[in-house]
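*Asks:* Next up is a structure, given as structure tokens.
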Amino acid sequence: MAFLSNLVNGISLGSIYAMIALGYTMVYGIAKMLNFAHGDVIMVGAYLAFCAAQYWGMPPLVALLIAMVACTVLGMTIEKLAYAPLRQATSLAVLITAIGMSYLLQNTALLIWGANPKVFPDLIGLDSLQLFGGELVIKGATLVTIAANIVIMVVLTLFINRTRMGKAMRCVSEDRGAAELMGINVNRTISATFAIGSCLAAVAGFLLCSSYPMLQPTTGSMPGIKAFTAAVFGGIGSIPGAMIGGILLGVIEILGKAYVSTELGDAIVFAVLIIVLLVRPTGLLGKVQREKV
């Protein structure tokens, strides 16, 4: 039963990584840039949900909705102010700007909420599920996290494949210049991508702190890095790849800590990534892109 318990916990943690990785992979697939401030948007979403529930007395669902709306606006603002002026800039300039934006969000959070960790309240409030006569206990937050990941993946896949904006995103991802010639508003499409990714970051921050209830300005840093690793693992730019990479990464991390070493759990995750990239440089579901010269 210990193995099953660890497996479920790994899928739950991996579901959070998958939600965060979707933001990375969508932005990279469409705008061809790495938004390293994405992990800090998770932290902002968690803090806003915490304040809405703890200080303003909002119900959990309302607190989550407030965090989602605020992070959506934040993501679009970051894109407009920091990234849109660098549309034609080099990749290095965009990368440095993303790192700078990450530090800006972290230090702003330090000024507002302080450095002391805060205990995130149990906003989900579901009873644990007991199976096999109580030998396997699954927390309510775990069940909600896994279910939310499945719903988000289905809705996002339908959105990308069936809606007008989703088709525009696929066109911009394939060839930005050709999409512009066909009348697609590239800037609006990229802004919509940041909005969706930031909204998912708020959900991920809420669920992350519900499962691991210590909240501080660096909360999103390590999950953000691991989610980026998951996006690369699954094939950055691939939405199914982000989900598969996130879940596999979470399972590998939990099983590695349980059966190998707690201290080496993170090292095992990155070692597996290196091995996968040596065998398949584009990731599990990534496609080889050939450039004409």
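As shown in the structure tokens, the chain order sets the letters A, B, ...; within each chain, residues go from 1, and ligands are also counted from 1 in the order they appear.
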Mind checking which residues fall within 12 Å of Ile78 of chain A, counting only C-alpha atoms, ignoring those fewer than 4 positions away in the same chain, and posting them as a ChimeraX atom specification?
*Replies:* /A:35-38,40-41,71-74,82-85,97-98,100-102,104-105,190-191,194-195,198
*Asks:* Which neighbours of Lys139 of chain A fall inside 8 Å, counting only C-alpha atoms, when residues of the same chain fewer than 6 positions from it are skipped, and could you give them as a PyMOL selection string?
*Replies:* chain A and resi 126-129
*Asks:* Counting only C-alpha atoms, which residues in segment 115-178 of chain A sit no more than 12 Å from segment 53-57 of chain A? For each one, give the nearest pair of atoms and the distance in Å, sorted by chain then residue number, as a tab-separated table.
*Replies:*
```
residue	atom	partner	partner_atom	distance
A:Lys118	CA	A:Gln54	CA	10.8
A:Val119	CA	A:Gln54	CA	10.2
A:Phe120	CA	A:Gln54	CA	8.7
A:Pro121	CA	A:Gln54	CA	7.6
A:Asp122	CA	A:Ala53	CA	10.0
A:Leu123	CA	A:Ala53	CA	7.9
A:Ile124	CA	A:Ala53	CA	11.4
```
*Asks:* How would the residues just picked look written out with C-alpha atoms as a PDB file, in the first residue's frame?
*Replies:*
```pdb
ATOM      1  CA  LYS A 118       2.470  31.876   6.167  1.00  0.00           C
ATOM      2  CA  VAL A 119       0.389  28.765   6.730  1.00  0.00           C
ATOM      3  CA  PHE A 120      -2.059  28.359   3.864  1.00  0.00           C
ATOM      4  CA  PRO A 121      -5.510  27.403   5.219  1.00  0.00           C
ATOM      5  CA  ASP A 122      -7.283  24.224   4.176  1.00  0.00           C
ATOM      6  CA  LEU A 123      -9.605  25.816   1.617  1.00  0.00           C
ATOM      7  CA  ILE A 124     -10.608  22.590  -0.131  1.00  0.00           C
TER       8      ILE A 124
END
```
*Asks:* Can you list every residue in segment 78-242 of chain A that DSSP puts in helix (DSSP H, G or I), as a ChimeraX atom specification?
*Replies:* /A:78-86,91-113,140-162,164-174,176-181,186-211,221-234,239-242
*Asks:* If we count only C-alpha atoms, what is near segment 158-161 of chain A at a cut-off of 12 Å, once residues fewer than 2 positions away on the same chain are taken out, given as a VMD selection string?
*Replies:* chain A and resid 26 30 151 to 156 163 to 171 173 189 192 to 193 196 238 to 240
*Asks:* Kindly indicate which residue among A:Ser210, A:Gly245, A:Thr262, A:Leu255 lies nearest to Leu285 of chain A, using only C-alpha atoms for the distances.
*Replies:*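 Checking each of A:Ser210, A:Gly245, A:Thr262, A:Leu255 against Leu285 of chain A, counting only C-alpha atoms, the winner is A:Gly245.
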*Asks:* Return the single residue from A:Leu4, A:Val186, A:Leu13, A:Met33 that is closest to Val251 of chain A, with distances computed using only C-alpha atoms.
*Replies:*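 Selected residue with least distance to Val251 of chain A: A:Leu13.
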*Asks:* Under the rule that only C-alpha atoms are counted, which of A:Thr25, A:Phe206, A:Gly220, A:Gly75 is the nearest residue to Leu61 of chain A?
*Replies:*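 With only C-alpha atoms as the atom set, the closest residue is A:Phe206.
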*Asks:* Figure out the distance between atom CA of Gly183 of chain A and atom CA of Glu79 of chain A, please, to one decimal in Å.
*Replies:*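 According to the coordinates, atom CA of Glu79 of chain A and atom CA of Gly183 of chain A are separated by 21.3 Å.
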*Asks:* Please run DSSP on the backbone and report, as a list in words, all residues within segment 16-259 of chain A that come out as strand (DSSP E or B).
*Replies:*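 Answer for segment 16-259 of chain A, restricted to strand (DSSP E or B): Lys118, Val119, Leu129, Gln130, Leu131, Leu136, Val137, Ile138, Met214 and Leu215 of chain A.
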*Asks:* Between atom CA of Arg87 of chain A and atom CA of Asn187 of chain A, what distance in Å does the model show, to one decimal?
*Replies:* 9.3 Å
*Asks:* I'd like the contact shell of Gln106 of chain A - 9 Å cut-off, only C-alpha atoms, skipping same-chain residues fewer than 5 positions apart - returned as an NGL selection string.
*Replies:* :A and (40 or 43-44 or 101 or 111 or 217-218)
*Asks:* Could you work out how far atom CA of Ala178 of chain A lies from atom CA of Ala242 of chain A, giving the answer in Å with one decimal?
*Replies:*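 Spanning atom CA of Ala242 of chain A to atom CA of Ala178 of chain A is a straight-line distance of 26.3 Å.
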*Asks:* Go through A:Ile244, A:Val8, A:Ala147, A:Met1 one by one, measure the shortest atom-to-atom distance of each to Gly133 of chain A using only C-alpha atoms, and give the residue with the smallest value.
*Replies:*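 Using only C-alpha atoms, Gly133 of chain A sits closest to A:Met1.
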*Asks:* Give the answer as one residue: which of A:Cys209, A:Leu7, A:Ala21, A:Cys199 has the shortest atom-to-atom distance to Ala227 of chain A, using only C-alpha atoms?
*Replies:* A:Ala21
*Asks:* Each residue of segment 221-266 of chain A lying at most 10 Å from segment 273-279 of chain A should get a row with its shortest atom-to-atom pair and the distance in Å to one decimal, counting only C-alpha atoms; could you produce that, ordered by chain and increasing number, as a tab-separated table?
*Replies:*
```
residue	atom	partner	partner_atom	distance
A:Thr229	CA	A:Leu273	CA	7.3
A:Ala230	CA	A:Leu273	CA	8.3
A:Val232	CA	A:Leu273	CA	8.2
A:Phe233	CA	A:Leu273	CA	6.0
A:Gly234	CA	A:Val276	CA	9.6
A:Gly235	CA	A:Leu277	CA	9.7
A:Gly245	CA	A:Leu273	CA	9.7
A:Leu249	CA	A:Leu273	CA	8.8
```
